Amino acid sequence: MQSTIQDILATVKSDALTCQQKLMILGNIAERLIDPRELLDYTDEEWQYIENQMICDLNEGYAIYRPRYILPDYDVYIKNGCQFLDLPAPKDLDEALDGLLILYSHVPSITTYPVYIGRLDVLLDPFITDEQQDYVKIKRFLNHIDKTIPDSFCHANIGPYDTKAGRLILQAVIELENPTPNMTIRYDKKKTSSAFAELAAKACLLVSKPSFANDAYYISDLGEQYGIASCYNALPECGGAYTLTRLRLGTIARACQSTDEMVNHLLPKVAKLALSTMDKRHKFLVEESNFFNTDFLVKEGFIKADNFTSMIAIVGLADATNHLLQQEGIQETFGQSARGEEIATAIMDKLQEINDAHQGLYVARTNNRYLLHAQVGASNHAEDRQNTPAHRIRVGEEPTLLAHLKQSAPYHKYFPSGTGDLFAFDQTYTEHLDAVVDIIDGAFALGYRYITTYLKNTDLIRVTGYLVKKSEVERFRKGEAVLRDTTWYGSGTDDCAKVFDRQLRDEQDVKAA
């Protein structure tokens with residue numbers, strides 16, 4: 001939404017923000033002071049559907065000067081160093097870690113922080129010489145990231161292969177219990193050793209990371225050179241995403257009296273308007289902002305303009321389905337309704353059809369098409385309380401684990417740029433890591449792209465695609481300033497979707513699966 005001078009004053013006067021957080025927010029406000037109808041040539045109709053909340057641009061801004069998500073190929077630094085930063089190619093682990101930390105501070109994104117810090121085990125493993133000493137260095141490196149990139153949209157990847165560096169990273173992650181960096185293991189049972197998978201599962205239970213990505217599935221969509229960034233966004237490495245625009249499906253559906261009106265009339269109209277605004281954002285960023293003409297990341301080959309795409313996202317599939325069930329006089333809910341699955345599938349099929357028919361601007365890397373994305377949710381507007389994250393079942397309405405896996409799996413095929421589901425387990429599963437890996441293997445066999453488990457009783461919890469400490473959320477709710485901006489988002493998403501209260505999957509539930 002367009003911002004006002006009053007937004008500036010409210011930010012400046014806030015007693016619950018750090019100076020760094022105020023600076024970030026003021027920059028975003030400045031981007032949104034300009035009317036996009038004047039700068040980006042939005043039509044009045046496009047703007048109408050942003051103002052009525054059916055289209056949500058996540059307050060990205062209109063005077064766009066960098067892509068939303070940037071995924072550098074950090075191997076460029078390992079091999080060549082960085083001329084702009086006067087960094088030679090590293091010769092040992094100390095130089096590699098120090099240079100990466102320097103480089104991270106110069107990688108922009110929508111959050112002002114890097115949302116992707118590379119395949120850490122692949123980058124660091126050639127430098128491992130003394131595991132005991134190198135563990136201390138890697139642990140210090142990861143702790144440094146948590147304290148200087150206080151934003152758990154910052155994301156690291158490991159896997160699929162078992163490496164010394166990968167094991168040291170997982171051990172440090174468990175010991176530190178930090179929200180940042182977020183982390184994913186690119187997992188493939190044909191490539192990943194059972195011991196490494198179980199160590200990753202242990203870390204995922206204890207500290208909510210790494211999540212498991214179906215590596216073979218993502219490679220089939222995006223090729224080998226991809227990364228998981230931000231929440232769980234699969235994007236081309238050496239590139240990224242210009243923008244992310246989401247459709248509030250629950251909001252759209254509530255304006256409809258029937259499934260036919262939703263699927264065949266209003267949804268196509270709103271989706272086409274959203275795609276048109278994305279084209280216009282791309283045009284300004286590529287042709288007028290000069291980012292790709294001036295930034296050293298481009299000049300030295302860390303990123304290439306040809307490797308960028310964008311994401312058209314959804315929230316509120318459950319809410320849209322529930323409303324349309326009520327319109328048909330059916331007292332059932334998404335996740336436990338055969339008719340509900342028919343409605344939800346019709347919605348997704350139509351959206352995929354519309355997106356496939358739209359030729360995107362400057363996205364040759366993904367066949368001139370934007371990528372569908374299952375967005376995790378936000379708290380930008382009161383309408384977000386009426387739109388459950390992605391295609392997830394509302395908290396409190398979840399079926400048993402096996403039924404949940406089977407219900408959710410068919411929706412993963414729609415989202416090559418990312419989707420995922422989360423399951424809270426009880427403490428006993430730290431003693432049955434092989435069973436957790438079996439569940440992950442089973443989910444992938446059903447068609448899952450991405451899955452996360454965690455212990456419900458831990459302080460460090462996965463909200464949707466990112467992590468927060470519940471203790472820090474409580475301090476924020478009391479009006480205290482907190483280190484991490486994702487704490488605000490976690491608090492808001494919990495207010496909207498009650499994500500701290502997901503159903504506990506105990507031993508009996510898991511055995512049934």
# chains A, B, ... in the order shown; residues from 1 in each chain; ligands from 1
$ residues_around --residues "segment 55-70 of chain A" --least-positions-apart "3" --cutoff "8 Å" --atoms "only C-alpha atoms" --output "PyMOL selection string"
chain A and resi 1+28-32+34-36+39-40+49-52+107-110+114-116+229-230+238-248+270+274+281+284-285+289-291+303+380
$ select_by_dssp --residues "segment 300-370 of chain A" --states "strand (DSSP E)" --output "MDAnalysis selection string"
chainID A and resid 308:315
$ write_last_selection --atoms "C-alpha atoms" --output "PDB file, in the first residue's frame"
ATOM      1  CA  PHE A 308      16.026 -14.078 -12.338  1.00  0.00           C
ATOM      2  CA  THR A 309      12.344 -14.926 -12.192  1.00  0.00           C
ATOM      3  CA  SER A 310       9.398 -13.915  -9.997  1.00  0.00           C
ATOM      4  CA  MET A 311       6.763 -15.526  -7.819  1.00  0.00           C
ATOM      5  CA  ILE A 312       2.993 -15.284  -7.993  1.00  0.00           C
ATOM      6  CA  ALA A 313       1.829 -16.599  -4.638  1.00  0.00           C
ATOM      7  CA  ILE A 314      -1.284 -17.667  -2.799  1.00  0.00           C
ATOM      8  CA  VAL A 315      -2.539 -17.589   0.747  1.00  0.00           C
TER       9      VAL A 315
END
$ closest_residue --among "A:Cys154, A:Leu9, A:Leu372, A:Ile219" --to "His412 of chain A" --atoms "only C-alpha atoms"
A:Leu372
$ residues_around --residues "Thr452 of chain A" --least-positions-apart "3" --cutoff "10 Å" --atoms "only C-alpha atoms" --output "short mmCIF file (atom, residue, chain, number, x, y, z; two decimals) with N, CA and C atoms, in the first residue's frame"
data_model
loop_
_atom_site.label_atom_id
_atom_site.label_comp_id
_atom_site.auth_asym_id
_atom_site.auth_seq_id
_atom_site.Cartn_x
_atom_site.Cartn_y
_atom_site.Cartn_z
N THR A 184 18.17 -25.34 5.18
CA THR A 184 17.54 -26.46 4.49
C THR A 184 18.60 -27.47 4.11
N ALA A 201 17.80 -34.65 10.95
CA ALA A 201 16.49 -34.80 11.59
C ALA A 201 16.57 -34.44 13.07
N CYS A 204 16.64 -30.77 13.29
CA CYS A 204 15.32 -30.23 12.94
C CYS A 204 14.35 -30.34 14.12
N LEU A 205 14.41 -31.46 14.84
CA LEU A 205 13.55 -31.62 16.01
C LEU A 205 13.94 -30.64 17.12
N SER A 208 14.48 -26.80 15.11
CA SER A 208 13.58 -26.44 14.00
C SER A 208 14.29 -26.22 12.67
N LYS A 209 15.50 -26.68 12.53
CA LYS A 209 16.23 -26.59 11.26
C LYS A 209 17.35 -27.63 11.26
N PRO A 210 17.72 -28.14 10.08
CA PRO A 210 17.27 -27.74 8.76
C PRO A 210 15.97 -28.44 8.37
N SER A 211 15.17 -27.76 7.55
CA SER A 211 14.05 -28.41 6.90
C SER A 211 14.60 -29.32 5.80
N PHE A 212 13.75 -30.24 5.33
CA PHE A 212 14.15 -31.18 4.30
C PHE A 212 13.50 -30.80 2.97
N ALA A 213 14.32 -30.57 1.95
CA ALA A 213 13.85 -30.29 0.60
C ALA A 213 14.04 -31.53 -0.26
N GLY A 420 5.57 -25.94 1.62
CA GLY A 420 6.04 -26.79 2.70
C GLY A 420 4.99 -26.96 3.77
N ASP A 421 5.13 -28.05 4.51
CA ASP A 421 4.25 -28.29 5.65
C ASP A 421 5.08 -28.58 6.89
N LEU A 422 4.47 -28.31 8.05
CA LEU A 422 5.18 -28.38 9.32
C LEU A 422 4.42 -29.30 10.27
N PHE A 423 5.18 -30.09 11.04
CA PHE A 423 4.57 -31.02 11.97
C PHE A 423 5.32 -30.98 13.31
N ALA A 424 4.56 -30.75 14.36
CA ALA A 424 5.13 -30.67 15.70
C ALA A 424 5.11 -32.05 16.35
N ILE A 440 9.71 -38.60 6.51
CA ILE A 440 10.13 -37.67 5.46
C ILE A 440 10.21 -38.40 4.11
N ARG A 462 9.59 -22.99 14.49
CA ARG A 462 9.37 -22.56 13.11
C ARG A 462 7.94 -22.00 13.02
N THR A 464 6.36 -20.35 10.17
CA THR A 464 5.86 -20.89 8.91
C THR A 464 7.07 -21.36 8.13
N GLY A 465 7.70 -20.46 7.38
CA GLY A 465 8.94 -20.83 6.71
C GLY A 465 10.16 -20.33 7.44
#
$ residues_around --residues "His265 of chain A" --least-positions-apart "4" --cutoff "12 Å" --atoms "only C-alpha atoms" --output "PyMOL selection string"
chain A and resi 252-253+255-261+269-272+347+350-351+354
$ write_last_selection --atoms "all heavy atoms" --output "CSV table (one decimal), in the first residue's frame"
chain,number,residue,atom,x,y,z
A,252,ILE,N,-10.8,-13.1,-2.0
A,252,ILE,CA,-11.4,-13.2,-3.3
A,252,ILE,C,-12.7,-14.0,-3.2
A,252,ILE,O,-13.7,-13.7,-3.7
A,252,ILE,CB,-10.4,-13.8,-4.3
A,252,ILE,CG1,-9.2,-12.9,-4.5
A,252,ILE,CG2,-11.1,-14.0,-5.7
A,252,ILE,CD1,-8.1,-13.5,-5.3
A,253,ALA,N,-12.6,-15.2,-2.5
A,253,ALA,CA,-13.8,-16.1,-2.5
A,253,ALA,C,-14.9,-15.5,-1.7
A,253,ALA,O,-16.1,-15.7,-2.1
A,253,ALA,CB,-13.4,-17.4,-1.8
A,255,ALA,N,-16.0,-12.7,-1.9
A,255,ALA,CA,-16.8,-11.8,-2.8
A,255,ALA,C,-17.6,-12.6,-3.8
A,255,ALA,O,-18.3,-12.0,-4.6
A,255,ALA,CB,-15.8,-10.8,-3.5
A,256,CYS,N,-17.6,-13.9,-3.7
A,256,CYS,CA,-18.3,-14.7,-4.6
A,256,CYS,C,-19.4,-15.5,-4.0
A,256,CYS,O,-19.3,-15.9,-2.8
A,256,CYS,CB,-17.3,-15.8,-5.2
A,256,CYS,SG,-15.9,-15.0,-6.2
A,257,GLN,N,-20.4,-15.8,-4.8
A,257,GLN,CA,-21.6,-16.5,-4.3
A,257,GLN,C,-21.5,-18.0,-4.6
A,257,GLN,O,-22.4,-18.8,-4.1
A,257,GLN,CB,-22.9,-15.9,-4.8
A,257,GLN,CG,-23.1,-14.4,-4.5
A,257,GLN,CD,-23.1,-14.2,-3.0
A,257,GLN,OE1,-23.8,-14.9,-2.3
A,257,GLN,NE2,-22.3,-13.2,-2.5
A,258,SER,N,-20.6,-18.4,-5.5
A,258,SER,CA,-20.5,-19.8,-5.9
A,258,SER,C,-19.1,-20.1,-6.3
A,258,SER,O,-18.3,-19.2,-6.6
A,258,SER,CB,-21.5,-20.0,-7.1
A,258,SER,OG,-21.0,-19.3,-8.2
A,259,THR,N,-18.9,-21.4,-6.4
A,259,THR,CA,-17.6,-21.9,-6.8
A,259,THR,C,-17.3,-21.5,-8.3
A,259,THR,O,-16.2,-21.1,-8.7
A,259,THR,CB,-17.5,-23.4,-6.7
A,259,THR,OG1,-17.7,-23.8,-5.3
A,259,THR,CG2,-16.1,-24.0,-7.2
A,260,ASP,N,-18.3,-21.6,-9.1
A,260,ASP,CA,-18.2,-21.2,-10.5
A,260,ASP,C,-17.8,-19.7,-10.6
A,260,ASP,O,-16.9,-19.4,-11.4
A,260,ASP,CB,-19.5,-21.4,-11.3
A,260,ASP,CG,-19.4,-21.0,-12.7
A,260,ASP,OD1,-18.7,-21.6,-13.5
A,260,ASP,OD2,-20.0,-19.9,-13.1
A,261,GLU,N,-18.4,-18.8,-9.8
A,261,GLU,CA,-18.0,-17.4,-9.9
A,261,GLU,C,-16.6,-17.2,-9.5
A,261,GLU,O,-15.8,-16.4,-10.1
A,261,GLU,CB,-19.0,-16.6,-9.0
A,261,GLU,CG,-18.7,-15.1,-9.0
A,261,GLU,CD,-19.6,-14.3,-8.1
A,261,GLU,OE1,-20.4,-14.9,-7.4
A,261,GLU,OE2,-19.4,-13.1,-8.1
A,269,LYS,N,-9.8,-12.9,-13.2
A,269,LYS,CA,-9.7,-11.4,-13.4
A,269,LYS,C,-8.6,-10.9,-12.4
A,269,LYS,O,-7.7,-10.1,-12.9
A,269,LYS,CB,-11.0,-10.8,-13.1
A,269,LYS,CG,-10.9,-9.2,-13.1
A,269,LYS,CD,-12.3,-8.6,-12.8
A,269,LYS,CE,-12.3,-7.1,-12.9
A,269,LYS,NZ,-13.6,-6.5,-12.6
A,270,VAL,N,-8.6,-11.3,-11.2
A,270,VAL,CA,-7.7,-10.8,-10.2
A,270,VAL,C,-6.3,-11.3,-10.5
A,270,VAL,O,-5.3,-10.5,-10.4
A,270,VAL,CB,-8.1,-11.1,-8.8
A,270,VAL,CG1,-7.1,-10.7,-7.7
A,270,VAL,CG2,-9.5,-10.6,-8.5
A,271,ALA,N,-6.1,-12.5,-10.9
A,271,ALA,CA,-4.8,-13.1,-11.1
A,271,ALA,C,-4.2,-12.4,-12.3
A,271,ALA,O,-3.0,-12.1,-12.3
A,271,ALA,CB,-4.9,-14.6,-11.4
A,272,LYS,N,-4.9,-12.1,-13.4
A,272,LYS,CA,-4.4,-11.4,-14.5
A,272,LYS,C,-3.9,-10.0,-14.2
A,272,LYS,O,-2.9,-9.5,-14.7
A,272,LYS,CB,-5.4,-11.4,-15.7
A,272,LYS,CG,-5.6,-12.8,-16.3
A,272,LYS,CD,-6.8,-12.8,-17.3
A,272,LYS,CE,-7.0,-14.1,-17.9
A,272,LYS,NZ,-8.2,-14.2,-18.8
A,347,ILE,N,-9.6,-24.5,-8.0
A,347,ILE,CA,-9.0,-23.2,-7.8
A,347,ILE,C,-7.5,-23.2,-8.3
A,347,ILE,O,-7.1,-22.4,-9.1
A,347,ILE,CB,-9.0,-22.7,-6.3
A,347,ILE,CG1,-10.5,-22.4,-6.0
A,347,ILE,CG2,-8.1,-21.5,-6.1
A,347,ILE,CD1,-10.7,-22.2,-4.5
A,350,LYS,N,-7.1,-23.7,-12.1
A,350,LYS,CA,-7.4,-22.5,-12.8
A,350,LYS,C,-6.2,-21.5,-12.7
A,350,LYS,O,-5.8,-20.9,-13.7
A,350,LYS,CB,-8.7,-21.9,-12.3
A,350,LYS,CG,-9.1,-20.5,-13.0
A,350,LYS,CD,-9.2,-20.7,-14.5
A,350,LYS,CE,-10.4,-21.5,-14.9
A,350,LYS,NZ,-10.7,-21.5,-16.3
A,351,LEU,N,-5.7,-21.3,-11.5
A,351,LEU,CA,-4.6,-20.4,-11.3
A,351,LEU,C,-3.4,-20.8,-12.1
A,351,LEU,O,-2.7,-20.0,-12.7
A,351,LEU,CB,-4.3,-20.3,-9.8
A,351,LEU,CG,-3.2,-19.2,-9.5
A,351,LEU,CD1,-3.6,-17.9,-10.0
A,351,LEU,CD2,-3.0,-19.2,-8.0
A,354,ILE,N,-4.0,-19.9,-15.8
A,354,ILE,CA,-3.8,-18.5,-16.0
A,354,ILE,C,-2.3,-18.1,-16.1
A,354,ILE,O,-1.9,-17.4,-17.0
A,354,ILE,CB,-4.5,-17.7,-15.0
A,354,ILE,CG1,-6.0,-17.9,-15.1
A,354,ILE,CG2,-4.2,-16.2,-15.1
A,354,ILE,CD1,-6.8,-17.5,-13.8
$ residues_around --residues "Gln171 of chain A" --least-positions-apart "4" --cutoff "12 Å" --atoms "only C-alpha atoms" --output "list of chain:residue names"
A:Glu131, A:Gln132, A:Asp134, A:Tyr135, A:Val136, A:Ile138, A:Lys139, A:Leu142, A:Lys164, A:Ala165, A:Gly166, A:Arg167, A:Glu175, A:Leu176, A:Glu177, A:Phe196, A:Leu199, A:Ala200, A:Ala201, A:Lys202, A:Ala203, A:Cys204, A:Leu206, A:Val207, A:Lys209, A:Pro210
$ closest_residue --among "A:Asn264, A:Gln327, A:Thr180, A:Gln352" --to "Arg369 of chain A" --atoms "only C-alpha atoms"
A:Gln352
$ decode --residues "segment 242-253 of chain A" --atoms "all heavy atoms" --output "compact mmCIF listing (two decimals), in the first residue's frame"
# COMPACT_ATOMS: atom_id res chain seq x y z
N TYR A 242 12.74 -11.19 -8.81
CA TYR A 242 12.51 -9.75 -8.80
C TYR A 242 11.50 -9.34 -7.74
O TYR A 242 11.65 -8.34 -7.05
CB TYR A 242 11.97 -9.28 -10.15
CG TYR A 242 12.82 -9.53 -11.34
CD1 TYR A 242 12.41 -10.41 -12.35
CD2 TYR A 242 14.03 -8.86 -11.53
CE1 TYR A 242 13.16 -10.61 -13.49
CE2 TYR A 242 14.81 -9.06 -12.65
CZ TYR A 242 14.37 -9.94 -13.64
OH TYR A 242 15.12 -10.15 -14.76
N THR A 243 10.41 -10.11 -7.65
CA THR A 243 9.30 -9.67 -6.82
C THR A 243 8.47 -10.87 -6.37
O THR A 243 8.64 -11.98 -6.88
CB THR A 243 8.41 -8.67 -7.61
OG1 THR A 243 7.47 -8.06 -6.73
CG2 THR A 243 7.68 -9.35 -8.74
N LEU A 244 7.61 -10.64 -5.40
CA LEU A 244 6.66 -11.65 -4.92
C LEU A 244 5.32 -10.94 -4.68
O LEU A 244 5.23 -10.05 -3.83
CB LEU A 244 7.16 -12.29 -3.62
CG LEU A 244 6.17 -13.13 -2.81
CD1 LEU A 244 5.65 -14.30 -3.64
CD2 LEU A 244 6.82 -13.66 -1.53
N THR A 245 4.34 -11.32 -5.45
CA THR A 245 2.99 -10.78 -5.29
C THR A 245 2.06 -11.93 -4.94
O THR A 245 2.15 -13.00 -5.54
CB THR A 245 2.52 -10.09 -6.58
OG1 THR A 245 3.37 -8.96 -6.83
CG2 THR A 245 1.08 -9.63 -6.47
N ARG A 246 1.18 -11.73 -3.96
CA ARG A 246 0.33 -12.84 -3.53
C ARG A 246 -1.15 -12.51 -3.71
O ARG A 246 -1.56 -11.34 -3.64
CB ARG A 246 0.62 -13.23 -2.09
CG ARG A 246 0.32 -12.16 -1.07
CD ARG A 246 0.71 -12.61 0.32
NE ARG A 246 0.29 -11.61 1.29
CZ ARG A 246 -0.06 -11.88 2.55
NH1 ARG A 246 -0.03 -13.12 3.00
NH2 ARG A 246 -0.42 -10.93 3.36
N LEU A 247 -1.91 -13.55 -3.92
CA LEU A 247 -3.35 -13.46 -4.01
C LEU A 247 -3.95 -13.96 -2.71
O LEU A 247 -3.64 -15.07 -2.27
CB LEU A 247 -3.87 -14.30 -5.17
CG LEU A 247 -3.30 -13.99 -6.55
CD1 LEU A 247 -3.84 -14.97 -7.58
CD2 LEU A 247 -3.62 -12.55 -6.97
N ARG A 248 -4.80 -13.15 -2.09
CA ARG A 248 -5.52 -13.60 -0.90
C ARG A 248 -6.77 -14.34 -1.36
O ARG A 248 -7.82 -13.73 -1.62
CB ARG A 248 -5.89 -12.42 -0.01
CG ARG A 248 -4.70 -11.74 0.70
CD ARG A 248 -5.23 -10.73 1.71
NE ARG A 248 -4.18 -10.08 2.48
CZ ARG A 248 -3.74 -8.83 2.27
NH1 ARG A 248 -4.27 -8.12 1.28
NH2 ARG A 248 -2.81 -8.31 3.02
N LEU A 249 -6.67 -15.64 -1.46
CA LEU A 249 -7.77 -16.42 -2.02
C LEU A 249 -9.01 -16.36 -1.14
O LEU A 249 -10.14 -16.35 -1.65
CB LEU A 249 -7.34 -17.88 -2.21
CG LEU A 249 -6.22 -18.12 -3.22
CD1 LEU A 249 -5.88 -19.61 -3.29
CD2 LEU A 249 -6.59 -17.60 -4.60
N GLY A 250 -8.83 -16.31 0.17
CA GLY A 250 -9.98 -16.21 1.06
C GLY A 250 -10.74 -14.92 0.83
O GLY A 250 -11.99 -14.90 0.83
N THR A 251 -10.02 -13.83 0.62
CA THR A 251 -10.65 -12.53 0.37
C THR A 251 -11.39 -12.54 -0.96
O THR A 251 -12.51 -12.02 -1.08
CB THR A 251 -9.59 -11.43 0.39
OG1 THR A 251 -8.85 -11.50 1.62
CG2 THR A 251 -10.21 -10.05 0.25
N ILE A 252 -10.77 -13.12 -1.98
CA ILE A 252 -11.41 -13.21 -3.29
C ILE A 252 -12.69 -14.04 -3.20
O ILE A 252 -13.74 -13.66 -3.72
CB ILE A 252 -10.42 -13.80 -4.32
CG1 ILE A 252 -9.20 -12.89 -4.48
CG2 ILE A 252 -11.12 -14.00 -5.67
CD1 ILE A 252 -8.06 -13.51 -5.27
N ALA A 253 -12.60 -15.19 -2.53
CA ALA A 253 -13.76 -16.09 -2.47
C ALA A 253 -14.93 -15.46 -1.74
O ALA A 253 -16.10 -15.68 -2.13
CB ALA A 253 -13.36 -17.40 -1.79
